[in-house]
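Chemist: Pasting work_26.pdb below, which is PDB, C-alpha atoms, pLDDT in the B column.
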MODEL        1
ATOM      1  CA  CYS J  26      19.413 -16.610  27.384  1.00 63.00           C
ATOM      2  CA  VAL J  27      21.824 -19.060  28.960  1.00 70.00           C
ATOM      3  CA  VAL J  28      21.256 -21.923  31.395  1.00 78.00           C
ATOM      4  CA  CYS J  29      24.114 -23.191  33.569  1.00 82.00           C
ATOM      5  CA  LYS J  30      24.653 -25.667  36.374  1.00 86.00           C
ATOM      6  CA  ILE J  31      27.468 -27.021  38.484  1.00 84.00           C
ATOM      7  CA  ASP J  32      27.714 -30.632  39.605  1.00 82.00           C
ATOM      8  CA  THR J  33      30.194 -33.324  40.549  1.00 75.00           C
ATOM      9  CA  SER J  34      29.676 -35.223  37.302  1.00 59.00           C
ATOM     10  CA  ASP J  35      31.663 -35.231  34.091  1.00 53.00           C
ATOM     11  CA  GLY J  36      29.453 -32.467  32.732  1.00 48.00           C
ATOM     12  CA  ASP J  37      26.987 -34.575  30.792  1.00 50.00           C
ATOM     13  CA  GLY J  38      24.139 -33.943  33.216  1.00 48.00           C
ATOM     14  CA  VAL J  39      24.439 -37.296  34.996  1.00 44.00           C
ATOM     15  CA  THR J  40      25.465 -36.514  38.563  1.00 43.00           C
ATOM     16  CA  ASP J  41      26.328 -40.060  39.622  1.00 39.00           C
ATOM     17  CA  VAL J  42      29.502 -40.281  37.533  1.00 37.00           C
ATOM     18  CA  PRO J  43      32.521 -40.321  39.882  1.00 38.00           C
ATOM     19  CA  GLN J  44      35.351 -37.893  39.200  1.00 42.00           C
ATOM     20  CA  GLN J  45      38.918 -37.633  40.310  1.00 43.00           C
ATOM     21  CA  PRO J  46      38.996 -35.979  43.725  1.00 44.00           C
ATOM     22  CA  VAL J  47      40.818 -32.726  44.266  1.00 43.00           C
ATOM     23  CA  VAL J  48      43.486 -33.387  46.862  1.00 42.00           C
ATOM     24  CA  GLY J  49      45.021 -30.761  49.110  1.00 46.00           C
ATOM     25  CA  ALA J  50      46.596 -30.562  52.521  1.00 46.00           C
ATOM     26  CA  GLY J  51      44.307 -29.196  55.197  1.00 51.00           C
ATOM     27  CA  GLU J  52      45.276 -27.056  58.170  1.00 57.00           C
ATOM     28  CA  ASP J  53      45.866 -30.199  60.200  1.00 57.00           C
ATOM     29  CA  GLY J  54      48.336 -31.523  57.607  1.00 56.00           C
ATOM     30  CA  GLU J  55      45.940 -34.254  56.525  1.00 59.00           C
ATOM     31  CA  ASP J  56      45.062 -34.671  52.861  1.00 56.00           C
ATOM     32  CA  ASN J  57      41.498 -33.551  52.258  1.00 61.00           C
ATOM     33  CA  GLN J  58      39.591 -34.762  49.242  1.00 64.00           C
ATOM     34  CA  GLU J  59      36.798 -32.818  47.622  1.00 67.00           C
ATOM     35  CA  PRO J  60      34.882 -33.887  44.516  1.00 71.00           C
ATOM     36  CA  ALA J  61      35.922 -32.046  41.378  1.00 84.00           C
ATOM     37  CA  LEU J  62      33.244 -29.629  40.225  1.00 92.00           C
ATOM     38  CA  SER J  63      32.249 -29.472  36.580  1.00 93.00           C
ATOM     39  CA  GLY J  64      30.239 -26.651  35.061  1.00 94.00           C
ATOM     40  CA  TYR J  65      27.671 -27.169  32.331  1.00 95.00           C
ATOM     41  CA  MET J  66      26.365 -24.511  29.966  1.00 95.00           C
ATOM     42  CA  GLY J  67      23.330 -25.027  27.781  1.00 91.00           C
ATOM     43  CA  MET J  68      20.656 -23.194  25.877  1.00 90.00           C
ATOM     44  CA  LEU J  69      22.781 -20.165  25.000  1.00 91.00           C
ATOM     45  CA  ALA J  70      20.695 -18.228  22.517  1.00 89.00           C
ATOM     46  CA  VAL J  71      20.651 -14.709  21.100  1.00 91.00           C
ATOM     47  CA  GLU J  72      17.796 -13.165  19.084  1.00 92.00           C
ATOM     48  CA  THR J  73      18.510 -13.367  15.367  1.00 92.00           C
ATOM     49  CA  ASP J  74      18.556  -9.594  14.840  1.00 95.00           C
ATOM     50  CA  ARG J  75      21.000  -9.149  17.777  1.00 93.00           C
ATOM     51  CA  ARG J  76      23.564 -11.733  16.651  1.00 90.00           C
ATOM     52  CA  GLY J  77      27.034 -10.479  15.831  1.00 91.00           C
ATOM     53  CA  SER J  78      26.879  -7.750  18.467  1.00 94.00           C
ATOM     54  CA  GLY J  79      28.885  -9.613  21.118  1.00 94.00           C
ATOM     55  CA  ILE J  80      25.951 -10.607  23.319  1.00 94.00           C
ATOM     56  CA  GLY J  81      26.642 -14.350  23.007  1.00 92.00           C
ATOM     57  CA  THR J  82      30.321 -13.886  23.780  1.00 95.00           C
ATOM     58  CA  ALA J  83      29.478 -11.717  26.797  1.00 95.00           C
ATOM     59  CA  LEU J  84      26.903 -14.199  28.159  1.00 94.00           C
ATOM     60  CA  ALA J  85      29.237 -17.163  27.717  1.00 95.00           C
ATOM     61  CA  THR J  86      32.192 -15.295  29.230  1.00 96.00           C
ATOM     62  CA  LEU J  87      30.206 -14.261  32.302  1.00 95.00           C
ATOM     63  CA  ALA J  88      28.839 -17.774  32.825  1.00 94.00           C
ATOM     64  CA  ILE J  89      32.302 -19.330  32.414  1.00 96.00           C
ATOM     65  CA  ARG J  90      33.880 -16.821  34.797  1.00 96.00           C
ATOM     66  CA  ARG J  91      31.201 -17.484  37.427  1.00 94.00           C
ATOM     67  CA  MET J  92      31.640 -21.270  37.220  1.00 95.00           C
ATOM     68  CA  ARG J  93      35.415 -20.885  37.456  1.00 95.00           C
ATOM     69  CA  ASP J  94      35.074 -18.568  40.469  1.00 94.00           C
ATOM     70  CA  MET J  95      32.842 -21.170  42.126  1.00 93.00           C
ATOM     71  CA  GLY J  96      35.578 -23.786  41.870  1.00 94.00           C
ATOM     72  CA  CYS J  97      34.828 -25.684  38.680  1.00 94.00           C
ATOM     73  CA  SER J  98      37.751 -27.397  37.002  1.00 95.00           C
ATOM     74  CA  SER J  99      36.033 -27.321  33.594  1.00 96.00           C
ATOM     75  CA  VAL J 100      32.899 -26.329  31.680  1.00 96.00           C
ATOM     76  CA  THR J 101      31.130 -28.608  29.216  1.00 96.00           C
ATOM     77  CA  LEU J 102      28.501 -27.919  26.561  1.00 97.00           C
ATOM     78  CA  GLU J 103      27.035 -29.397  23.405  1.00 97.00           C
ATOM     79  CA  THR J 104      26.450 -27.686  20.076  1.00 96.00           C
ATOM     80  CA  GLU J 105      25.114 -28.852  16.725  1.00 96.00           C
ATOM     81  CA  VAL J 106      27.830 -29.830  14.269  1.00 97.00           C
ATOM     82  CA  THR J 107      26.152 -27.600  11.670  1.00 97.00           C
ATOM     83  CA  ASN J 108      26.215 -24.487  13.895  1.00 95.00           C
ATOM     84  CA  ASP J 109      29.397 -22.903  12.530  1.00 95.00           C
ATOM     85  CA  ALA J 110      28.911 -19.618  14.402  1.00 93.00           C
ATOM     86  CA  ALA J 111      28.630 -21.389  17.770  1.00 95.00           C
ATOM     87  CA  ILE J 112      31.645 -23.584  17.020  1.00 97.00           C
ATOM     88  CA  ARG J 113      33.714 -20.496  16.139  1.00 96.00           C
ATOM     89  CA  LEU J 114      32.612 -18.811  19.379  1.00 95.00           C
ATOM     90  CA  TYR J 115      33.374 -21.752  21.635  1.00 97.00           C
ATOM     91  CA  GLU J 116      36.543 -23.067  19.999  1.00 98.00           C
ATOM     92  CA  ASP J 117      38.187 -20.003  18.474  1.00 97.00           C
ATOM     93  CA  ARG J 118      37.223 -17.263  20.917  1.00 96.00           C
ATOM     94  CA  LEU J 119      36.751 -19.098  24.210  1.00 97.00           C
ATOM     95  CA  GLY J 120      39.183 -22.028  23.939  1.00 97.00           C
ATOM     96  CA  PHE J 121      36.859 -25.052  24.150  1.00 98.00           C
ATOM     97  CA  VAL J 122      38.077 -28.342  22.666  1.00 98.00           C
ATOM     98  CA  ARG J 123      36.029 -31.118  21.063  1.00 98.00           C
ATOM     99  CA  GLU J 124      35.666 -34.154  23.272  1.00 97.00           C
ATOM    100  CA  GLU J 125      33.098 -36.275  21.522  1.00 97.00           C
ATOM    101  CA  LEU J 126      30.813 -36.523  18.504  1.00 97.00           C
ATOM    102  CA  LEU J 127      27.282 -37.300  19.677  1.00 97.00           C
ATOM    103  CA  VAL J 128      25.460 -38.983  16.799  1.00 97.00           C
ATOM    104  CA  ARG J 129      21.718 -38.196  16.605  1.00 96.00           C
ATOM    105  CA  TYR J 130      21.916 -36.306  19.887  1.00 95.00           C
ATOM    106  CA  TYR J 131      19.063 -33.879  19.261  1.00 94.00           C
ATOM    107  CA  LEU J 132      15.355 -34.617  18.830  1.00 93.00           C
ATOM    108  CA  ASN J 133      15.644 -33.706  15.144  1.00 94.00           C
ATOM    109  CA  TRP J 134      18.292 -36.473  14.850  1.00 95.00           C
ATOM    110  CA  GLY J 135      21.011 -33.841  14.462  1.00 96.00           C
ATOM    111  CA  ASP J 136      24.539 -34.622  15.557  1.00 98.00           C
ATOM    112  CA  ALA J 137      26.349 -32.607  18.226  1.00 97.00           C
ATOM    113  CA  TYR J 138      29.852 -32.012  19.472  1.00 98.00           C
ATOM    114  CA  ARG J 139      30.532 -32.164  23.191  1.00 98.00           C
ATOM    115  CA  LEU J 140      33.018 -29.378  23.948  1.00 98.00           C
ATOM    116  CA  ARG J 141      34.975 -28.761  27.129  1.00 98.00           C
ATOM    117  CA  LEU J 142      36.954 -25.843  28.489  1.00 98.00           C
ATOM    118  CA  TRP J 143      39.553 -26.842  31.076  1.00 97.00           C
ATOM    119  CA  PHE J 144      40.795 -24.349  33.640  1.00 95.00           C
ATOM    120  CA  GLU J 145      44.418 -24.342  34.784  1.00 80.00           C
TER     121      GLU J 145
ENDMDL
END
In structure tokens, what does this structure look like?
Modeler:
Amino acid sequence: CVVCKIDTSDGDGVTDVPQQPVVGAGEDGEDNQEPALSGYMGMLAVETDRRGSGIGTALATLAIRRMRDMGCSSVTLETEVTNDAAIRLYEDRLGFVREELLVRYYLNWGDAYRLRLWFE
């Protein structure tokens, strides 16, 4: 299971945060500005007995590719600081970087890392 969305926010789910516009010359020679799109991925989960088979990597890769193809400049997600397998997947395999430590982010008072993958 994976849930994704695309918005014009900084990826934290709050859509009223302004971002740097993407600037490009239009056909008329005028500079056109479009809001930068940011992808968000959450709730990636794989059944316990299916873990280690590549399903999580495949789901994440497909979601990331789709958001990139739709024009996102980055993808953001959060993961528990104690979830070593998820951190290895996102940082080591997929190239995400840690942006922020979110203290007591989850309902169980667990801490999280906010991770972001920037596209070129």
Chemist: Skipping near chain neighbours, those fewer than 2 positions away, what residues fall within 10 Å of Ile89 (chain J) using all atoms listed in the file, listed as a PyMOL selection string?
Modeler: chain J and resi 29+64-66+83-87+91-95+97+99-101+119+142+144
Chemist: CA of Gly81 (chain J) and CA of Gly96 (chain J) are how many Å apart?
Modeler: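 Computing it gives 22.9 Å between the two atoms.
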Chemist: Find, counting all atoms listed in the file, the residue in J:Gly67, J:Glu125, J:Asp74, J:Tyr131 that gets nearest to Ala88 (chain J).
Modeler: J:Gly67
Chemist: My list of candidates is J:Asn133, J:Ser63, J:Ser98, J:Thr82. Which is closest to Ala110 (chain J) when distances are computed with all atoms listed in the file?
Modeler: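 Under the stated criterion, the closest residue is J:Thr82.
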Chemist: When you draw a straight line from CA of Ile31 (chain J) to CA of Gly77 (chain J), how long is it in Å?
Modeler: 28.1 Å
Chemist: If I take CA of Leu69 (chain J) and CA of Glu105 (chain J), how far is one from the other in Å, to one decimal?
Modeler: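 Between these atoms lies a distance of 12.2 Å.
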Chemist: Taking every listed atom of region 127-142 of chain J and adding 5 Å to each side, what centre and edge lengths in Å (one decimal) does the axis-aligned box have, as JSON?
Modeler:
{"center_x": 26.2, "center_y": -32.4, "center_z": 21.5, "size_x": 31.6, "size_y": 23.1, "size_z": 24.0}
Chemist: May I ask which of the residues J:Ala61, J:Asp109, J:Met68, J:Thr104 is the closest one to Thr33 (chain J), counting all atoms listed in the file?
Modeler: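 Selected residue with least distance to Thr33 (chain J): J:Ala61.
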Chemist: Mind checking which residues fall within 10 Å of region 116-118 of chain J, counting only C-alpha atoms, ignoring those fewer than 3 positions away in the same chain, and posting them as a compact mmCIF listing (two decimals) with C-alpha atoms, in the coordinates of the input?
Modeler:
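And here's out_27.txt as it stands now:
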# COMPACT_ATOMS: atom_id res chain seq x y z
CA THR J 82 30.32 -13.89 23.78
CA THR J 86 32.19 -15.30 29.23
CA ALA J 111 28.63 -21.39 17.77
CA ILE J 112 31.64 -23.58 17.02
CA ARG J 113 33.71 -20.50 16.14
CA PHE J 121 36.86 -25.05 24.15
CA VAL J 122 38.08 -28.34 22.67
CA ARG J 123 36.03 -31.12 21.06
CA LEU J 140 33.02 -29.38 23.95
CA ARG J 141 34.98 -28.76 27.13
CA LEU J 142 36.95 -25.84 28.49
